[in-house]
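Participant: Hey, dropping data_33.cif in here, mmCIF, C-alpha atoms:
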data_coords
#
loop_
_atom_site.group_PDB
_atom_site.id
_atom_site.type_symbol
_atom_site.label_atom_id
_atom_site.label_comp_id
_atom_site.auth_asym_id
_atom_site.auth_seq_id
_atom_site.Cartn_x
_atom_site.Cartn_y
_atom_site.Cartn_z
ATOM 1 C CA MET F 1 63.188 109.516 -81.042
ATOM 2 C CA GLU F 2 61.654 112.295 -78.942
ATOM 3 C CA ALA F 3 58.158 111.045 -79.821
ATOM 4 C CA GLU F 4 59.055 107.599 -78.464
ATOM 5 C CA GLY F 5 60.265 109.122 -75.198
ATOM 6 C CA SER F 6 57.146 111.211 -74.750
ATOM 7 C CA GLU F 7 54.970 108.197 -75.590
ATOM 8 C CA GLN F 8 56.760 106.174 -72.878
ATOM 9 C CA GLN F 9 56.296 109.076 -70.461
ATOM 10 C CA LEU F 10 52.566 109.137 -71.258
ATOM 11 C CA GLN F 11 52.332 105.395 -70.567
ATOM 12 C CA ASP F 12 54.232 105.823 -67.280
ATOM 13 C CA ASN F 13 51.926 108.683 -66.276
ATOM 14 C CA ALA F 14 48.856 106.651 -67.253
ATOM 15 C CA SER F 15 49.980 103.610 -65.239
ATOM 16 C CA ALA F 16 50.674 105.875 -62.252
ATOM 17 C CA HIS F 17 46.891 106.448 -62.080
ATOM 18 C CA HIS F 18 46.171 102.717 -62.100
ATOM 19 C CA LYS F 19 44.777 101.368 -58.839
ATOM 20 C CA TRP F 20 43.776 97.866 -57.777
ATOM 21 C CA TYR F 21 40.075 97.050 -57.471
ATOM 22 C CA VAL F 22 38.246 93.883 -56.438
ATOM 23 C CA LEU F 23 35.832 92.697 -59.091
ATOM 24 C CA GLN F 24 32.966 90.350 -58.220
ATOM 25 C CA VAL F 25 32.237 87.798 -60.944
ATOM 26 C CA MET F 26 30.010 84.752 -61.342
ATOM 27 C CA SER F 27 31.451 81.881 -59.323
ATOM 28 C CA ALA F 28 33.165 79.205 -61.441
ATOM 29 C CA GLN F 29 33.469 81.708 -64.335
ATOM 30 C CA GLU F 30 36.550 83.549 -63.058
ATOM 31 C CA LYS F 31 38.878 82.199 -65.765
ATOM 32 C CA LYS F 32 36.381 82.925 -68.531
ATOM 33 C CA VAL F 33 35.833 86.515 -67.327
ATOM 34 C CA LYS F 34 39.585 87.092 -66.939
ATOM 35 C CA LYS F 35 40.214 85.799 -70.469
ATOM 36 C CA ALA F 36 37.418 87.979 -71.928
ATOM 37 C CA LEU F 37 38.710 91.099 -70.159
ATOM 38 C CA GLU F 38 42.281 90.458 -71.355
ATOM 39 C CA GLU F 39 41.430 89.550 -74.943
ATOM 40 C CA ASN F 40 38.952 92.363 -75.645
ATOM 41 C CA ARG F 41 40.732 95.316 -74.022
ATOM 42 C CA GLU F 42 42.716 96.123 -77.209
ATOM 43 C CA THR F 43 39.700 96.078 -79.519
ATOM 44 C CA MET F 44 37.592 98.099 -77.084
ATOM 45 C CA GLY F 45 40.318 100.742 -76.742
ATOM 46 C CA VAL F 46 40.910 100.341 -73.000
ATOM 47 C CA ALA F 47 44.284 98.548 -73.055
ATOM 48 C CA ASP F 48 46.119 101.635 -71.729
ATOM 49 C CA PHE F 49 43.672 101.949 -68.840
ATOM 50 C CA LEU F 50 43.467 98.273 -67.842
ATOM 51 C CA SER F 51 46.967 97.009 -67.065
ATOM 52 C CA GLU F 52 46.564 93.788 -65.064
ATOM 53 C CA ILE F 53 43.938 91.191 -64.152
ATOM 54 C CA LEU F 54 44.704 88.613 -61.458
ATOM 55 C CA LEU F 55 42.889 85.433 -60.522
ATOM 56 C CA PRO F 56 44.303 84.529 -57.081
ATOM 57 C CA THR F 57 45.073 80.804 -56.973
ATOM 58 C CA GLU F 58 47.123 78.308 -54.996
ATOM 59 C CA ASN F 59 48.500 74.851 -55.760
ATOM 60 C CA VAL F 60 46.748 72.132 -53.764
ATOM 61 C CA ALA F 61 47.923 68.521 -53.468
ATOM 62 C CA GLU F 62 45.636 65.602 -52.786
ATOM 63 C CA MET F 63 45.757 61.851 -53.201
ATOM 64 C CA LYS F 64 43.595 60.322 -55.931
ATOM 65 C CA LYS F 65 43.724 56.633 -56.781
ATOM 66 C CA GLY F 66 47.024 56.252 -54.970
ATOM 67 C CA GLU F 67 48.733 59.119 -56.808
ATOM 68 C CA GLN F 68 49.373 62.619 -55.595
ATOM 69 C CA LYS F 69 47.741 65.176 -57.881
ATOM 70 C CA VAL F 70 48.462 68.896 -57.714
ATOM 71 C CA THR F 71 45.628 71.126 -58.882
ATOM 72 C CA GLU F 72 45.150 74.868 -59.044
ATOM 73 C CA LYS F 73 42.468 76.104 -56.643
ATOM 74 C CA ARG F 74 40.903 79.567 -56.538
ATOM 75 C CA LEU F 75 41.722 81.389 -53.310
ATOM 76 C CA TRP F 76 38.714 83.700 -53.504
ATOM 77 C CA PRO F 77 35.966 82.067 -55.582
ATOM 78 C CA GLY F 78 33.907 84.727 -57.356
ATOM 79 C CA TYR F 79 36.539 87.483 -57.285
ATOM 80 C CA LEU F 80 39.258 88.934 -59.527
ATOM 81 C CA LEU F 81 41.766 91.688 -58.857
ATOM 82 C CA VAL F 82 41.946 94.362 -61.563
ATOM 83 C CA LYS F 83 44.628 97.056 -61.859
ATOM 84 C CA MET F 84 43.156 99.911 -63.839
ATOM 85 C CA ASP F 85 42.532 103.600 -64.269
ATOM 86 C CA LEU F 86 38.845 103.857 -63.418
ATOM 87 C CA ASN F 87 37.012 106.108 -65.863
ATOM 88 C CA ASP F 88 33.733 105.958 -67.789
ATOM 89 C CA ARG F 89 35.216 103.805 -70.578
ATOM 90 C CA THR F 90 36.786 101.225 -68.276
ATOM 91 C CA TRP F 91 33.745 101.217 -65.984
ATOM 92 C CA ASN F 92 31.457 100.405 -68.925
ATOM 93 C CA TYR F 93 33.921 97.892 -70.396
ATOM 94 C CA ILE F 94 34.079 95.974 -67.119
ATOM 95 C CA LYS F 95 30.330 96.163 -66.372
ATOM 96 C CA GLU F 96 29.378 94.969 -69.881
ATOM 97 C CA THR F 97 31.644 91.902 -69.803
ATOM 98 C CA ASN F 98 29.667 88.655 -69.449
ATOM 99 C CA GLY F 99 29.991 87.110 -66.012
ATOM 100 C CA VAL F 100 30.808 90.348 -64.184
ATOM 101 C CA ILE F 101 28.536 91.157 -61.244
ATOM 102 C CA GLY F 102 30.198 94.416 -60.247
ATOM 103 C CA PHE F 103 32.879 95.943 -58.105
ATOM 104 C CA LEU F 104 33.231 94.903 -54.479
ATOM 105 C CA GLY F 105 31.224 97.214 -52.267
ATOM 106 C CA GLY F 106 28.468 97.982 -54.753
ATOM 107 C CA GLY F 107 28.087 101.693 -55.672
ATOM 108 C CA ALA F 108 31.244 103.644 -56.422
ATOM 109 C CA PRO F 109 34.265 101.311 -56.543
ATOM 110 C CA THR F 110 36.895 101.955 -53.897
ATOM 111 C CA PRO F 111 40.503 101.058 -54.754
ATOM 112 C CA LEU F 112 42.535 98.888 -52.418
ATOM 113 C CA SER F 113 45.115 100.717 -50.322
ATOM 114 C CA ASP F 114 48.814 100.281 -51.171
ATOM 115 C CA ALA F 115 49.297 98.317 -47.928
ATOM 116 C CA GLU F 116 46.423 95.949 -48.813
ATOM 117 C CA VAL F 117 47.804 95.433 -52.324
ATOM 118 C CA GLU F 118 51.320 94.715 -51.047
ATOM 119 C CA GLU F 119 49.986 92.208 -48.501
ATOM 120 C CA ILE F 120 47.836 90.434 -51.111
ATOM 121 C CA LEU F 121 50.629 90.277 -53.706
ATOM 122 C CA MET F 122 53.106 88.916 -51.131
ATOM 123 C CA GLU F 123 50.600 86.238 -50.125
ATOM 124 C CA LEU F 124 49.991 85.292 -53.775
ATOM 125 C CA ARG F 125 53.734 85.037 -54.478
ATOM 126 C CA SER F 126 54.228 82.715 -51.504
ATOM 127 C CA LYS F 127 51.208 80.586 -52.507
ATOM 128 C CA LYS F 128 52.597 80.182 -56.058
ATOM 129 C CA GLU F 129 55.936 78.914 -54.727
ATOM 130 C CA GLN F 130 54.507 76.202 -52.489
ATOM 131 C CA VAL F 131 52.017 73.358 -52.600
ATOM 132 C CA THR F 132 49.273 73.295 -49.963
ATOM 133 C CA GLN F 133 47.818 70.008 -48.770
ATOM 134 C CA LYS F 134 44.068 69.714 -49.355
ATOM 135 C CA HIS F 135 43.632 67.869 -46.082
ATOM 136 C CA LYS F 136 45.256 69.752 -43.248
ATOM 137 C CA PHE F 137 45.460 67.071 -40.590
ATOM 138 C CA ALA F 138 48.202 67.300 -37.975
ATOM 139 C CA PRO F 139 49.153 65.065 -35.030
ATOM 140 C CA GLY F 140 46.901 65.833 -32.062
ATOM 141 C CA ASP F 141 43.919 66.951 -34.175
ATOM 142 C CA PRO F 142 40.544 65.494 -33.197
ATOM 143 C CA ILE F 143 38.837 63.563 -36.024
ATOM 144 C CA ARG F 144 35.786 61.424 -36.680
ATOM 145 C CA ILE F 145 36.017 58.333 -38.859
ATOM 146 C CA VAL F 146 33.261 58.397 -41.503
ATOM 147 C CA ASP F 147 33.952 55.192 -43.454
ATOM 148 C CA GLY F 148 35.122 51.658 -42.813
ATOM 149 C CA VAL F 149 35.005 49.288 -39.853
ATOM 150 C CA PHE F 150 35.501 52.136 -37.364
ATOM 151 C CA ALA F 151 32.889 54.501 -38.852
ATOM 152 C CA ASN F 152 31.494 57.017 -36.302
ATOM 153 C CA PHE F 153 34.414 56.562 -33.897
ATOM 154 C CA GLN F 154 36.112 59.722 -32.651
ATOM 155 C CA GLY F 155 39.845 59.813 -32.225
ATOM 156 C CA THR F 156 43.056 61.775 -32.351
ATOM 157 C CA VAL F 157 45.512 61.954 -35.237
ATOM 158 C CA ILE F 158 48.874 60.323 -34.415
ATOM 159 C CA ASP F 159 50.714 60.338 -37.763
ATOM 160 C CA VAL F 160 50.066 62.020 -41.124
ATOM 161 C CA PHE F 161 51.478 60.665 -44.391
ATOM 162 C CA HIS F 162 50.693 63.358 -46.981
ATOM 163 C CA ASP F 163 52.701 61.560 -49.666
ATOM 164 C CA LYS F 164 50.412 58.517 -49.318
ATOM 165 C CA GLY F 165 47.203 60.362 -48.432
ATOM 166 C CA ARG F 166 46.828 58.365 -45.233
ATOM 167 C CA ILE F 167 46.758 58.943 -41.479
ATOM 168 C CA SER F 168 46.995 56.936 -38.279
ATOM 169 C CA VAL F 169 44.639 57.705 -35.403
ATOM 170 C CA MET F 170 44.098 56.648 -31.820
ATOM 171 C CA VAL F 171 40.513 55.690 -30.938
ATOM 172 C CA SER F 172 38.934 54.422 -27.742
ATOM 173 C CA ILE F 173 37.331 51.002 -28.151
ATOM 174 C CA PHE F 174 35.635 49.591 -25.013
ATOM 175 C CA GLY F 175 37.651 52.025 -22.904
ATOM 176 C CA ARG F 176 41.017 51.017 -24.381
ATOM 177 C CA GLU F 177 43.128 53.245 -26.596
ATOM 178 C CA THR F 178 43.605 51.493 -29.926
ATOM 179 C CA ARG F 179 45.742 52.606 -32.858
ATOM 180 C CA VAL F 180 44.032 52.522 -36.260
ATOM 181 C CA ASP F 181 46.487 52.741 -39.150
ATOM 182 C CA ASP F 182 46.211 53.245 -42.872
ATOM 183 C CA LEU F 183 43.048 55.369 -42.990
ATOM 184 C CA GLU F 184 42.745 57.406 -46.163
ATOM 185 C CA PHE F 185 42.086 61.138 -45.845
ATOM 186 C CA TRP F 186 38.595 60.808 -47.303
ATOM 187 C CA GLN F 187 37.692 58.270 -44.590
ATOM 188 C CA VAL F 188 37.953 60.879 -41.831
ATOM 189 C CA GLU F 189 36.672 64.367 -41.183
ATOM 190 C CA GLU F 190 37.707 67.040 -38.747
ATOM 191 C CA GLY F 191 36.177 66.521 -35.354
ATOM 192 C CA SER F 192 35.866 68.835 -32.417
ATOM 193 C CA GLU F 193 37.150 68.624 -28.864
ATOM 194 C CA GLU F 194 33.518 68.083 -27.735
ATOM 195 C CA ASP F 195 33.195 64.961 -29.940
ATOM 196 C CA GLU F 196 35.892 63.171 -27.969
ATOM 197 C CA SER F 197 34.322 63.636 -24.534
#
Show me this structure written as structure tokens.

Facilitator:
Amino acid sequence: MEAEGSEQQLQDNASAHHKWYVLQVMSAQEKKVKKALEENRETMGVADFLSEILLPTENVAEMKKGEQKVTEKRLWPGYLLVKMDLNDRTWNYIKETNGVIGFLGGGAPTPLSDAEVEEILMELRSKKEQVTQKHKFAPGDPIRIVDGVFANFQGTVIDVFHDKGRISVMVSIFGRETRVDDLEFWQVEEGSEEDES
């Protein structure tokens, strides 16, 4: 019984030394690197030193073929967050994992501050609870139509229908303001205030 208590105390002490680091990995291989780090830490004897690996993602909704699809999108392509006790064994374990480029900042890895970690984790929790729209159009935004009868016209967004993946815009045709309805998100791109003048 006493041995169990002291073992738990050792684990608590060990995790007290764990700090968060930003790991740079090959872009588009974040999931593969995360899986490799998680699966091999037991066999390589670093499980006690490597407690958590996070791939920051958010849920993004977009319209495809008339249906709204929600997909998981990486917030920071090419980066993972790793909570670990940095020592020679964990350093080598991380550096020798396929797809790992190195720690953010090059040379000696610098852990994130507690304030930075708290801010990042709060942001990730909020992103997990909500769905972000892929196209962030809002009424009043300047746009440029890129497809259809009104291609190359500049205008202003009037209404946004995220559930249908469509917007309505106001464009100037021969000096008259004309409403163009039922444009799909992919038919327009963000414009700038300069485009409209």

Participant: Using all atoms listed in the file - which residues lie no farther than 12 Å from the point (45.6, 91.9, -63.1) in the file's frame? Write them as number ranges by chain.

Facilitator: F: 18-23, 33-35, 37-38, 49-56, 79-84, 117, 121

Participant: Please evaluate the PyMOL selection byres ((chain F and resi 184) around 9) against the structure above and give the resulting residues as a VMD selection string.

Facilitator: chain F and resid 63 164 to 168 182 to 183 185 to 188

Participant: Got a sec to resolve the PyMOL selection byres ((chain F and resi 97-102) around 9) on this structure and send the residues as a ChimeraX atom specification?

Facilitator: /F:22-27,29-30,32-33,36-37,92-96,103-107,109

Participant: Do a neighbour search on His162 of chain F at 9 Å with all atoms listed in the file, toss out local chain neighbours closer than 6 positions, and write the hits as a PDB file with C-alpha atoms, keeping the file's coordinate frame.

Facilitator:
ATOM      1  CA  ALA F  61      47.923  68.521 -53.468  1.00  0.00           C
ATOM      2  CA  GLU F  62      45.636  65.602 -52.786  1.00  0.00           C
ATOM      3  CA  MET F  63      45.757  61.851 -53.201  1.00  0.00           C
ATOM      4  CA  GLN F  68      49.373  62.619 -55.595  1.00  0.00           C
ATOM      5  CA  GLN F 133      47.818  70.008 -48.770  1.00  0.00           C
ATOM      6  CA  HIS F 135      43.632  67.869 -46.082  1.00  0.00           C
ATOM      7  CA  PHE F 185      42.086  61.138 -45.845  1.00  0.00           C
TER       8      PHE F 185
END

Participant: Record the distance separating atom CA of Glu58 of chain F and atom CA of Lys128 of chain F, expressed in Å with one decimal.

Facilitator: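 Interatomic distance here is 5.9 Å.
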
Participant: Just want the 12 Å neighbourhood of segment 144-150 of chain F, counted on all atoms listed in the file, with same-chain residues fewer than 5 positions away dropped. Output as a ChimeraX atom specification.

Facilitator: /F:137,155-157,167-173,178-196

Participant: Please write as an NGL selection string the list of polymer residues whose atoms come within 9 Å of (50.1, 78.6, -53.2), counting only C-alpha atoms and keeping to the coordinates of the file.

Facilitator: :F and (57-60 or 72-73 or 75 or 123-132)

Participant: Can you write out the residues you just picked, keeping C-alpha atoms, as a compact mmCIF listing (two decimals), in the coordinates of the input?

Facilitator:
# COMPACT_ATOMS: atom_id res chain seq x y z
CA THR F 57 45.07 80.80 -56.97
CA GLU F 58 47.12 78.31 -55.00
CA ASN F 59 48.50 74.85 -55.76
CA VAL F 60 46.75 72.13 -53.76
CA GLU F 72 45.15 74.87 -59.04
CA LYS F 73 42.47 76.10 -56.64
CA LEU F 75 41.72 81.39 -53.31
CA GLU F 123 50.60 86.24 -50.12
CA LEU F 124 49.99 85.29 -53.78
CA ARG F 125 53.73 85.04 -54.48
CA SER F 126 54.23 82.72 -51.50
CA LYS F 127 51.21 80.59 -52.51
CA LYS F 128 52.60 80.18 -56.06
CA GLU F 129 55.94 78.91 -54.73
CA GLN F 130 54.51 76.20 -52.49
CA VAL F 131 52.02 73.36 -52.60
CA THR F 132 49.27 73.30 -49.96

Participant: When you draw a straight line from atom CA of Pro77 of chain F to atom CA of Glu119 of chain F, how long is it in Å?

Facilitator: 18.7 Å

Participant: Distance atom CA of Thr110 of chain F-atom CA of His17 of chain F, one decimal place?

Facilitator: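 Going from atom CA of Thr110 of chain F over to atom CA of His17 of chain F, I get 13.7 Å.
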
Participant: I'd like to know which of F:Lys64, F:Lys134, F:Lys69, F:Arg74 is closest to Lys31 of chain F, using only C-alpha atoms.

Facilitator: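 Smallest separation from Lys31 of chain F among the options: F:Arg74.
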
Participant: Given all atoms listed in the file as the basis, pick out the residue of F:Met44, F:Met122, F:Val70, F:Ala108 nearest to Thr90 of chain F.

Facilitator: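 The answer is F:Met44, which sits nearest to Thr90 of chain F.
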